[in-house]
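Colleague: See run_6.cif below, with mmCIF, C-alpha atoms.
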```cif
data_query
#
loop_
_atom_site.label_atom_id
_atom_site.label_comp_id
_atom_site.auth_asym_id
_atom_site.auth_seq_id
_atom_site.Cartn_x
_atom_site.Cartn_y
_atom_site.Cartn_z
CA MET A 76 81.32 86.18 134.60
CA PRO A 77 83.00 87.59 131.47
CA LEU A 78 81.18 90.24 129.52
CA GLN A 79 79.05 88.94 126.67
CA ILE A 80 76.47 90.48 124.38
CA GLY A 81 73.79 92.00 126.54
CA ASP A 82 75.78 92.07 129.78
CA PRO A 83 75.58 95.35 131.73
CA PRO A 84 78.69 97.54 131.71
CA VAL A 85 81.01 97.32 134.69
CA MET A 86 83.62 99.66 136.09
CA ARG A 87 87.19 98.35 136.10
CA LYS A 88 90.11 98.87 138.39
CA SER A 89 93.06 100.76 136.97
CA GLY A 90 95.44 97.79 136.87
CA GLU A 91 93.06 95.28 135.30
CA PHE A 92 93.73 93.54 131.98
CA ALA A 93 91.16 94.89 129.51
CA LEU A 94 92.12 93.45 126.12
CA PHE A 95 88.66 91.99 125.53
CA ALA A 96 86.61 94.84 126.98
CA LEU A 97 85.64 96.11 123.50
CA GLY A 98 86.31 95.07 119.92
CA PHE A 99 88.89 97.67 118.93
CA ARG A 100 91.30 96.43 121.58
CA PRO A 101 92.21 92.89 120.42
CA PHE A 102 91.74 93.58 116.73
CA PHE A 103 93.74 96.81 116.55
CA LEU A 104 96.54 95.07 118.42
CA ALA A 105 96.24 92.06 116.10
CA ALA A 106 96.25 94.36 113.08
CA GLY A 107 99.36 96.21 114.25
CA VAL A 108 101.30 93.05 115.06
CA SER A 109 100.20 91.32 111.85
CA ALA A 110 101.11 94.37 109.73
CA LEU A 111 104.60 94.16 111.18
CA ALA A 112 104.95 90.36 111.05
CA LEU A 113 103.33 89.78 107.66
CA LEU A 114 105.55 92.33 105.91
CA GLY A 115 108.65 91.06 107.67
CA LEU A 116 107.90 87.47 106.65
CA TRP A 117 106.95 88.58 103.13
CA LEU A 118 110.32 90.30 102.68
CA VAL A 119 112.37 87.28 103.78
CA LEU A 120 110.24 84.95 101.65
CA TRP A 121 110.47 87.33 98.68
CA GLN A 122 114.27 87.42 98.94
CA GLY A 123 114.43 83.64 99.29
CA VAL A 124 115.97 83.80 102.76
CA VAL A 125 113.28 81.39 104.00
CA PRO A 126 111.67 78.83 101.65
CA ALA A 127 108.00 79.45 100.94
CA GLY A 128 105.43 76.81 101.84
CA GLY A 129 101.92 76.39 103.15
CA TYR A 130 98.48 76.72 101.66
CA PHE A 131 98.98 79.61 99.21
CA THR A 132 101.71 80.44 96.73
CA LEU A 133 103.94 83.34 97.78
CA VAL A 134 102.11 86.10 95.89
CA GLU A 135 98.68 84.66 96.79
CA TRP A 136 99.63 84.56 100.46
CA HIS A 137 100.86 88.15 100.47
CA ALA A 138 97.70 89.47 98.81
CA HIS A 139 95.37 87.32 100.90
CA GLU A 140 96.91 88.06 104.26
CA MET A 141 97.19 91.80 103.80
CA LEU A 142 93.48 91.87 102.91
CA PHE A 143 91.93 89.09 105.00
CA GLY A 144 94.51 89.25 107.77
CA TYR A 145 95.54 92.84 108.48
CA THR A 146 92.69 94.77 106.84
CA ALA A 147 89.94 92.44 108.03
CA ALA A 148 91.24 92.83 111.60
CA VAL A 149 91.07 96.62 111.38
CA ILE A 150 87.52 96.54 109.99
CA ALA A 151 86.39 94.02 112.60
CA GLY A 152 87.88 96.08 115.42
CA PHE A 153 86.31 99.28 114.19
CA LEU A 154 82.82 97.88 113.58
CA LEU A 155 82.78 95.82 116.79
CA THR A 156 83.29 99.17 118.54
CA ALA A 157 81.47 101.73 116.39
CA VAL A 158 78.24 99.76 116.00
CA LYS A 159 77.67 100.11 119.74
CA ASN A 160 77.93 103.90 119.45
CA TRP A 161 75.81 104.04 116.30
CA THR A 162 72.96 101.89 117.63
CA GLY A 163 73.20 101.87 121.43
CA MET A 164 72.93 98.06 121.27
CA ALA A 165 75.32 95.50 122.74
CA VAL A 166 78.31 94.13 120.84
CA PRO A 167 80.59 91.15 121.65
CA THR A 168 82.90 91.45 124.63
CA GLY A 169 84.70 89.04 126.96
CA ARG A 170 84.87 85.39 125.94
CA LEU A 171 82.81 85.82 122.81
CA LEU A 172 85.12 88.57 121.57
CA ALA A 173 88.15 86.45 122.48
CA GLY A 174 86.67 83.54 120.52
CA ILE A 175 86.17 85.68 117.41
CA ALA A 176 89.75 86.95 117.69
CA GLY A 177 90.91 83.35 118.12
CA VAL A 178 89.29 82.34 114.84
CA TRP A 179 91.10 85.21 113.09
CA LEU A 180 94.44 84.13 114.58
CA LEU A 181 93.92 80.45 113.76
CA GLY A 182 93.11 81.38 110.16
CA ARG A 183 96.43 83.23 109.88
CA LEU A 184 98.38 80.26 111.22
CA LEU A 185 96.71 77.45 109.29
CA VAL A 186 97.32 78.98 105.85
CA LEU A 187 100.99 79.36 106.74
CA ILE A 188 101.85 75.93 108.18
CA PRO A 189 102.91 73.30 105.63
CA GLY A 190 100.98 70.03 105.77
CA VAL A 191 97.73 71.44 107.12
CA PRO A 192 94.76 69.96 105.20
CA GLY A 193 93.56 72.49 102.66
CA TRP A 194 89.91 72.06 103.59
CA LEU A 195 90.69 72.89 107.24
CA ALA A 196 92.71 76.02 106.40
CA ALA A 197 89.97 77.20 104.04
CA ALA A 198 87.12 76.46 106.46
CA VAL A 199 88.66 78.35 109.37
CA ASP A 200 89.76 81.28 107.24
CA LEU A 201 86.35 81.55 105.56
CA ALA A 202 84.57 81.47 108.92
CA PHE A 203 85.95 84.72 110.31
CA ILE A 204 84.07 87.39 108.35
CA PRO A 205 80.68 85.61 108.59
CA LEU A 206 81.32 85.25 112.33
CA VAL A 207 81.86 89.00 112.67
CA GLY A 208 78.71 89.61 110.61
CA TRP A 209 76.70 87.18 112.74
CA SER A 210 77.87 88.86 115.95
CA LEU A 211 76.74 92.27 114.65
CA TRP A 212 73.68 91.44 112.57
CA ARG A 213 71.13 92.37 115.24
CA PRO A 214 72.30 95.96 115.92
CA LEU A 215 73.06 96.50 112.22
CA TRP A 216 69.63 95.25 111.15
CA TYR A 217 67.44 96.61 113.95
CA GLY A 218 69.28 99.87 114.63
CA ARG A 219 67.56 103.12 113.71
CA ASN A 220 69.88 103.93 110.81
CA LYS A 221 68.89 101.53 108.02
CA VAL A 222 72.03 102.45 106.05
CA ASN A 223 73.95 100.28 108.53
CA ARG A 224 72.36 97.22 106.93
CA MET A 225 74.72 97.79 104.02
CA PHE A 226 77.53 96.40 106.17
CA LEU A 227 75.83 93.00 106.15
CA LEU A 228 75.89 93.02 102.34
CA ILE A 229 79.54 94.05 102.44
CA PHE A 230 80.32 91.13 104.76
CA ALA A 231 78.66 88.85 102.19
CA GLY A 232 80.77 90.41 99.42
CA MET A 233 83.95 89.92 101.45
CA THR A 234 83.06 86.28 102.08
CA LEU A 235 82.46 85.75 98.37
CA ALA A 236 85.83 87.34 97.60
CA ASN A 237 87.57 85.00 100.04
CA PHE A 238 85.66 82.03 98.66
CA LEU A 239 86.83 82.83 95.12
CA MET A 240 90.44 82.82 96.27
CA HIS A 241 90.04 79.48 98.03
CA LEU A 242 88.29 77.95 95.02
CA ASP A 243 91.30 78.86 92.91
CA VAL A 244 93.76 77.36 95.39
CA ALA A 245 91.67 74.18 95.61
CA GLY A 246 91.85 73.81 91.84
CA VAL A 247 88.08 74.01 91.39
CA ALA A 248 88.35 77.02 89.06
CA ARG A 249 91.62 78.61 87.99
CA GLY A 250 92.23 82.33 87.68
CA LEU A 251 89.74 83.33 90.39
CA TRP A 252 92.09 84.48 93.13
CA PRO A 253 92.95 87.83 91.45
CA ARG A 254 89.24 88.53 91.02
CA GLY A 255 88.69 87.62 94.65
CA ALA A 256 91.51 89.93 95.72
CA TYR A 257 90.16 92.87 93.74
CA LEU A 258 86.61 92.21 94.95
CA MET A 259 87.89 92.30 98.54
CA VAL A 260 89.71 95.57 97.81
CA ASP A 261 86.44 97.06 96.55
CA MET A 262 84.50 95.80 99.59
CA VAL A 263 87.14 97.36 101.85
CA LEU A 264 86.81 100.60 99.89
CA LEU A 265 83.06 100.56 100.49
CA VAL A 266 83.65 100.20 104.23
CA LEU A 267 86.25 102.96 104.28
CA LEU A 268 84.06 105.31 102.25
CA LEU A 269 81.08 104.65 104.53
CA VAL A 270 83.11 105.13 107.70
CA ALA A 271 85.16 108.09 106.45
CA GLY A 272 82.00 109.92 105.41
CA ARG A 273 80.83 109.75 109.01
CA VAL A 274 84.02 110.38 110.94
CA VAL A 275 86.37 112.56 108.86
CA PRO A 276 84.04 115.59 108.59
CA PHE A 277 83.04 115.13 112.25
CA PHE A 278 86.66 114.86 113.43
CA THR A 279 87.63 117.86 111.30
CA GLU A 280 84.89 120.12 112.65
CA LYS A 281 85.60 118.99 116.20
CA ALA A 282 89.36 119.55 116.01
CA VAL A 283 89.60 122.67 113.84
CA PRO A 284 87.90 125.81 115.21
CA GLY A 285 85.44 127.26 112.72
CA ALA A 286 85.74 124.37 110.25
CA ARG A 287 82.54 123.55 108.35
CA SER A 288 82.53 120.53 106.06
CA ILE A 289 80.51 120.59 102.87
CA VAL A 290 78.49 117.40 102.46
CA ARG A 291 76.65 117.18 99.16
CA PRO A 292 73.79 114.63 99.00
CA TRP A 293 74.41 113.84 95.32
CA VAL A 294 78.08 113.16 96.04
CA GLU A 295 77.19 110.84 98.91
CA LYS A 296 74.84 108.82 96.70
CA ALA A 297 77.19 108.80 93.72
CA THR A 298 80.05 107.66 95.99
CA PHE A 299 78.50 104.28 96.60
CA VAL A 300 76.73 103.83 93.28
CA SER A 301 79.94 104.41 91.33
CA LEU A 302 81.99 102.06 93.47
CA VAL A 303 79.41 99.26 93.41
CA VAL A 304 79.25 99.54 89.61
CA ALA A 305 83.06 99.56 89.43
CA ALA A 306 83.30 96.48 91.66
CA ALA A 307 80.80 94.61 89.47
CA ALA A 308 82.65 95.64 86.29
CA GLU A 309 86.00 94.55 87.73
CA LEU A 310 84.53 91.19 88.75
CA VAL A 311 83.02 90.45 85.33
CA LEU A 312 85.44 92.31 83.01
CA PRO A 313 88.60 92.90 85.09
CA HIS A 314 91.12 95.60 84.17
CA GLY A 315 89.27 96.73 81.06
CA PRO A 316 88.05 100.05 79.68
CA VAL A 317 84.53 99.58 81.09
CA SER A 318 85.75 99.41 84.66
CA GLY A 319 88.38 102.02 83.80
CA VAL A 320 85.75 104.62 82.94
CA VAL A 321 83.72 103.89 86.07
CA LEU A 322 86.81 104.01 88.29
CA LEU A 323 87.84 107.39 86.86
CA VAL A 324 84.34 108.71 87.57
CA ALA A 325 84.55 107.31 91.11
CA ALA A 326 87.91 109.03 91.60
CA LEU A 327 86.47 112.37 90.49
CA ILE A 328 83.52 112.02 92.87
CA GLN A 329 85.82 111.15 95.78
CA GLY A 330 88.01 114.14 94.98
CA ILE A 331 84.96 116.41 95.21
CA ARG A 332 83.94 114.72 98.44
CA LEU A 333 87.36 115.15 100.04
CA ALA A 334 87.61 118.79 98.91
CA GLY A 335 84.37 119.51 100.75
CA TRP A 336 85.88 118.26 104.01
CA TYR A 337 89.20 120.09 103.70
CA ASN A 338 90.29 122.91 105.98
CA HIS A 339 93.85 124.22 106.16
CA GLY A 340 93.74 123.82 109.93
CA ILE A 341 94.08 120.03 109.63
CA TRP A 342 97.86 120.34 109.23
CA ARG A 343 98.21 121.38 112.87
CA ALA A 344 96.93 117.97 114.05
CA PRO A 345 98.76 114.82 112.82
CA ILE A 346 95.87 112.62 113.96
CA LEU A 347 93.66 114.60 111.56
CA TRP A 348 95.85 115.23 108.52
CA VAL A 349 96.71 111.53 108.30
CA LEU A 350 93.02 110.78 107.67
CA HIS A 351 92.77 113.38 104.91
CA VAL A 352 96.01 112.20 103.30
CA GLY A 353 94.90 108.57 103.52
CA TYR A 354 91.65 109.49 101.79
CA ALA A 355 93.60 111.37 99.13
CA TRP A 356 95.52 108.14 98.47
CA LEU A 357 92.18 106.42 97.84
CA VAL A 358 91.31 109.11 95.30
CA LEU A 359 94.67 108.69 93.59
CA GLY A 360 94.41 104.90 93.68
CA LEU A 361 90.98 104.92 92.03
CA ALA A 362 92.30 107.25 89.33
CA LEU A 363 95.34 105.06 88.69
CA ARG A 364 93.13 101.94 88.54
CA GLY A 365 91.01 103.73 85.97
CA LEU A 366 94.09 104.52 83.87
CA ALA A 367 95.26 100.91 84.24
CA GLY A 368 91.99 99.84 82.63
CA PHE A 369 93.26 101.51 79.44
CA ASP A 370 96.72 99.87 79.79
CA LEU A 371 98.34 103.21 80.57
CA LEU A 372 100.17 101.77 83.59
CA PRO A 373 100.48 98.41 85.36
CA SER A 374 97.45 97.42 87.44
CA ALA A 375 99.77 96.42 90.31
CA VAL A 376 100.92 100.04 90.65
CA ALA A 377 97.34 101.25 90.99
CA LEU A 378 96.53 98.45 93.40
CA HIS A 379 99.36 99.40 95.75
CA ALA A 380 98.33 103.05 95.67
CA ILE A 381 95.05 101.90 97.16
CA THR A 382 96.38 99.23 99.52
CA VAL A 383 99.64 100.70 100.85
CA GLY A 384 98.65 104.36 100.48
CA GLY A 385 94.90 104.43 100.95
CA ILE A 386 94.12 101.44 103.14
CA GLY A 387 97.45 101.50 105.00
CA VAL A 388 97.58 105.21 105.82
CA LEU A 389 93.86 105.62 106.50
CA THR A 390 93.58 102.56 108.74
CA LEU A 391 96.70 103.46 110.72
CA GLY A 392 95.25 106.92 111.33
CA MET A 393 91.83 105.52 112.21
CA MET A 394 93.26 103.01 114.69
CA ALA A 395 95.37 105.72 116.33
CA ARG A 396 92.41 108.11 116.63
CA VAL A 397 89.79 105.56 117.72
CA ALA A 398 92.03 103.92 120.32
CA LEU A 399 92.77 107.26 121.98
CA GLY A 400 89.13 108.32 122.01
CA HIS A 401 87.76 105.02 123.28
CA THR A 402 90.26 104.76 126.11
CA GLY A 403 89.45 108.22 127.47
CA ARG A 404 92.69 109.86 126.34
CA ASN A 405 93.36 113.21 124.71
CA ILE A 406 92.83 112.54 121.00
CA ASN A 407 95.56 115.02 120.04
CA ASP A 408 98.15 113.43 122.31
CA THR A 409 99.77 111.06 119.81
CA GLY A 410 103.22 111.53 121.27
CA PRO A 411 106.34 112.01 119.11
CA LEU A 412 106.45 108.56 117.44
CA LEU A 413 103.06 108.38 115.72
CA PRO A 414 103.48 111.51 113.54
CA ILE A 415 106.82 110.09 112.43
CA ALA A 416 105.08 106.79 111.67
CA PHE A 417 102.47 108.60 109.55
CA VAL A 418 105.23 110.29 107.53
CA LEU A 419 107.24 107.07 107.10
CA LEU A 420 104.21 105.16 105.86
CA ASN A 421 103.41 107.84 103.30
CA ILE A 422 107.00 107.88 102.06
CA GLY A 423 106.89 104.10 101.77
CA ALA A 424 103.67 104.29 99.77
CA LEU A 425 105.19 106.88 97.41
CA LEU A 426 108.23 104.70 96.81
CA ARG A 427 106.18 101.51 96.33
CA VAL A 428 103.86 103.17 93.82
CA PHE A 429 106.11 105.52 91.86
CA GLY A 430 109.52 103.88 92.23
CA PRO A 431 108.72 101.00 89.82
CA LEU A 432 107.15 103.47 87.38
CA PHE A 433 110.28 105.60 87.04
CA ALA A 434 113.03 103.05 87.76
CA ALA A 435 111.65 99.57 87.10
CA GLU A 436 115.14 98.05 87.09
CA GLN A 437 115.35 98.82 90.84
CA PHE A 438 112.09 97.00 91.59
CA ASN A 439 113.49 94.91 94.47
CA LEU A 440 115.01 98.01 96.03
CA TRP A 441 111.65 99.80 96.07
CA ILE A 442 109.97 96.73 97.58
CA ASN A 443 112.57 96.46 100.33
CA ILE A 444 112.59 100.15 101.23
CA ALA A 445 108.80 100.49 101.15
CA GLY A 446 108.41 97.30 103.19
CA GLY A 447 110.95 98.50 105.73
CA LEU A 448 109.20 101.85 106.13
CA TRP A 449 105.85 100.08 106.54
CA MET A 450 107.37 97.92 109.28
CA LEU A 451 108.88 100.92 111.07
CA ALA A 452 105.52 102.71 111.00
CA PHE A 453 103.63 99.78 112.48
CA ALA A 454 106.40 98.97 114.95
CA ALA A 455 105.86 102.49 116.32
CA PHE A 456 102.10 101.86 116.51
CA VAL A 457 102.56 98.56 118.36
CA PHE A 458 105.09 100.08 120.76
CA VAL A 459 102.91 103.07 121.64
CA TYR A 460 99.49 101.42 121.59
CA THR A 461 100.01 98.00 123.19
CA PRO A 462 99.80 99.43 126.74
CA ILE A 463 96.81 101.57 125.70
CA LEU A 464 94.93 98.62 124.21
CA ILE A 465 95.48 96.13 127.02
CA ARG A 466 94.76 98.46 129.96
CA PRO A 467 91.39 99.89 131.06
CA ARG A 468 90.22 103.36 130.12
CA VAL A 469 91.99 106.11 132.02
CA ASP A 470 88.65 107.67 133.01
CA GLY A 471 87.40 104.46 134.66
CA ARG A 472 84.47 103.99 132.26
CA PRO A 473 83.75 100.56 130.72
CA GLY A 474 84.95 99.69 127.24
#
```
Translate this file's structure into structure tokens.
Modeller:
Amino acid sequence: MPLQIGDPPVMRKSGEFALFALGFRPFFLAAGVSALALLGLWLVLWQGVVPAGGYFTLVEWHAHEMLFGYTAAVIAGFLLTAVKNWTGMAVPTGRLLAGIAGVWLLGRLLVLIPGVPGWLAAAVDLAFIPLVGWSLWRPLWYGRNKVNRMFLLIFAGMTLANFLMHLDVAGVARGLWPRGAYLMVDMVLLVLLLVAGRVVPFFTEKAVPGARSIVRPWVEKATFVSLVVAAAAELVLPHGPVSGVVLLVAALIQGIRLAGWYNHGIWRAPILWVLHVGYAWLVLGLALRGLAGFDLLPSAVALHAITVGGIGVLTLGMMARVALGHTGRNINDTGPLLPIAFVLLNIGALLRVFGPLFAAEQFNLWINIAGGLWMLAFAAFVFVYTPILIRPRVDGRPG
């Protein structure tokens, strides 16, 4: 019988296929492949090499799929793995996990294929995040750490964000998809801030001898209060001075938070510095979004600092670190390609954010170069991690 929620763990033979042994496996692989494929398709559609079609317009599809395709897969993979460690309770495996991954994949295909009924594409796409929430609600709700219940509220916020985008496409209410996109960005930020607060200081202290992270209770509380207020302001009064002030405050708080975790020893471990640099991109992105609220720079520039720089770099680092740890491998053994991938992705983020600011007439050039560097980074991840994700743990343990 395949593993399901509540099934006892089993030991696996070394040659066995293990893609659905634990949540990080299928979803990190799906995230890596989709990051590569979505950007490649976006570039050919953007240049007009292939005619655009399907459920969304071109820009809507790009925004939606990078958030509800790539990013949602990373979050699902992480939580479907980490919740087991946090609570000691069972999470989906085997056929149930494969079914959840199948819904994610079907959602990606239906919004892309011309002629698919809009209601069907919307229904399948909208089902994924609630399905992940349903599969995790018991350990999140009944686990000892009540803070984990916040993830259920975040799942609800993500579903609302997706619903707003689909309402716009359906013609029920125009102008909602940008609000849905920004709401999803803020829900993703909440997840990343929650997760990073747990793992980045821990990873730093574990990897750097003598490192001691400073965790300030007022900063931890202000982190989430400020971002929730900013998300509400952006939803009601998008890109205005009210949200601008709150976002600048949030950026300052995150800068203080990150400074408390920093130790110069992180630069000796690529798997560690990529997490700190990714978090620094989040700080910068929040600050740029705050400035955009006062019309000091385009909101799209600030958005890509968060998405390409913050979400892209941080999630790539998290997937690399988590996959090594949960397959029984040496967490510092990234090999030669992954550090190069981390550098390429950061260069791509710099070009995508600052290139249009300083040379707007070369906008297409910046898009193409940044997109190409993103693809190279994730091609390296897929190449290195596909065998790791589909094969059993090297230490013979389940998962």
Colleague: Let me know the residues the PyMOL selection byres ((chain A and resi 355-359) around 6) catches in the file above, as a PDB file with C-alpha atoms, keeping the file's coordinate frame.
Modeller:
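Saved file selection.pdb follows:
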```pdb
ATOM      1  CA  ALA A 326      87.910 109.030  91.600  1.00  0.00           C
ATOM      2  CA  GLN A 329      85.820 111.150  95.780  1.00  0.00           C
ATOM      3  CA  VAL A 352      96.010 112.200 103.300  1.00  0.00           C
ATOM      4  CA  GLY A 353      94.900 108.570 103.520  1.00  0.00           C
ATOM      5  CA  TYR A 354      91.650 109.490 101.790  1.00  0.00           C
ATOM      6  CA  GLY A 360      94.410 104.900  93.680  1.00  0.00           C
ATOM      7  CA  LEU A 361      90.980 104.920  92.030  1.00  0.00           C
ATOM      8  CA  ALA A 362      92.300 107.250  89.330  1.00  0.00           C
ATOM      9  CA  ILE A 381      95.050 101.900  97.160  1.00  0.00           C
ATOM     10  CA  GLY A 384      98.650 104.360 100.480  1.00  0.00           C
ATOM     11  CA  GLY A 385      94.900 104.430 100.950  1.00  0.00           C
TER      12      GLY A 385
END
```
Colleague: List every protein, DNA or RNA residue with an atom no more than 9 Å from (76.8, 98.7, 101.1) in the file's coordinates, counting all atoms listed in the file, and format the result as number ranges by chain.
Modeller: A: 222-229, 262, 265-266, 269, 299, 303
Colleague: Might you spell out which residues the PyMOL selection byres ((chain A and resi 150-158) around 7) would select in the displayed file, as number ranges by chain?
Modeller: A: 97-99, 102-103, 146-149, 159-162, 166, 207
Colleague: Specify as a VMD selection string each residue included when the PyMOL selection byres ((chain A and resi 190-194) around 12) is applied to this file.
Modeller: chain A and resid 128 to 131 181 to 182 184 to 189 195 to 201 238 241 to 246
Colleague: So the first atom is CA of Tyr145 in chain A and the second is CA of Ala110 in chain A; what is the distance between them in Å, to one decimal place?
Modeller: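 CA of Ala110 in chain A lies 5.9 Å from CA of Tyr145 in chain A.
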Colleague: Any chance you could tabulate, as JSON lines, the residues of range 394-432 of chain A at most 7 Å from range 343-349 of chain A with each one's nearest atom pair and distance in Å to one decimal, using all atoms listed in the file, in chain and rising number order?
Modeller:
```
{"residue": "A:Arg396", "atom": "CA", "partner": "A:Ile346", "partner_atom": "CA", "distance": 6.3}
{"residue": "A:Asn407", "atom": "CA", "partner": "A:Ile346", "partner_atom": "CA", "distance": 6.5}
{"residue": "A:Pro414", "atom": "CA", "partner": "A:Pro345", "partner_atom": "CA", "distance": 5.8}
{"residue": "A:Phe417", "atom": "CA", "partner": "A:Val349", "partner_atom": "CA", "distance": 6.6}
```
Colleague: Write out, as a PDB file, keeping the file's coordinate frame, the residues just selected, with C-alpha atoms.
Modeller:
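The result, stored in part13.pdb:
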```pdb
ATOM      1  CA  ARG A 396      92.410 108.110 116.630  1.00  0.00           C
ATOM      2  CA  ASN A 407      95.560 115.020 120.040  1.00  0.00           C
ATOM      3  CA  PRO A 414     103.480 111.510 113.540  1.00  0.00           C
ATOM      4  CA  PHE A 417     102.470 108.600 109.550  1.00  0.00           C
TER       5      PHE A 417
END
```
Colleague: So which residues touch range 364-373 of chain A within 6 Å, counting all atoms listed in the file, skipping near sequence neighbours fewer than 5 positions away, as JSON, numbers by chain?
Modeller: {"A": [314, 315, 316, 319, 322, 323]}
Colleague: For each of A:Ala308, A:Met164, A:Val108, A:Ala424, take the minimum atom-to-atom distance to Trp449 in chain A, counting all atoms listed in the file, then give the residue where this is smallest.
Modeller: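 With all atoms listed in the file as the atom set, the closest residue is A:Ala424.
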Colleague: Considering all atoms listed in the file, state which residue in the set A:Leu378, A:Leu258, A:Met394, A:Ile331 is at the smallest distance from Leu464 in chain A.
Modeller: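 That would be A:Met394, the residue with the smallest distance to Leu464 in chain A.
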Colleague: In Å to one decimal, how far is CA of Ala305 in chain A from CA of Pro431 in chain A?
Modeller: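 Going from CA of Pro431 in chain A over to CA of Ala305 in chain A, I get 25.7 Å.
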Colleague: Provide the CA of Ala334 in chain A to CA of Ile289 in chain A distance in Å, to one decimal place.
Modeller: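 Going from CA of Ala334 in chain A over to CA of Ile289 in chain A covers 8.3 Å.
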Colleague: When you count all atoms listed in the file, which of these residues is closest to Val457 in chain A: A:Ala435, A:Leu391, A:Asn338, A:Phe277?
Modeller: A:Leu391
Colleague: Counting all atoms listed in the file, figure out which residue out of A:Val469, A:Leu267, A:Leu426, A:Leu114 gets nearest to Phe438 in chain A.
Modeller: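 Among the listed residues, A:Leu426 lies closest to Phe438 in chain A.
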Colleague: Neighbouring residues of Gly403 in chain A were defined as those with any atom within 7 Å, considering all atoms listed in the file; residues of the same chain fewer than 3 positions away were excluded. Please report them as a PDB file with C-alpha atoms, keeping the file's coordinate frame.
Modeller:
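Result went into around_31.pdb, see below:
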```pdb
ATOM      1  CA  LEU A 399      92.770 107.260 121.980  1.00  0.00           C
ATOM      2  CA  GLY A 400      89.130 108.320 122.010  1.00  0.00           C
ATOM      3  CA  ARG A 468      90.220 103.360 130.120  1.00  0.00           C
ATOM      4  CA  VAL A 469      91.990 106.110 132.020  1.00  0.00           C
ATOM      5  CA  ASP A 470      88.650 107.670 133.010  1.00  0.00           C
TER       6      ASP A 470
END
```
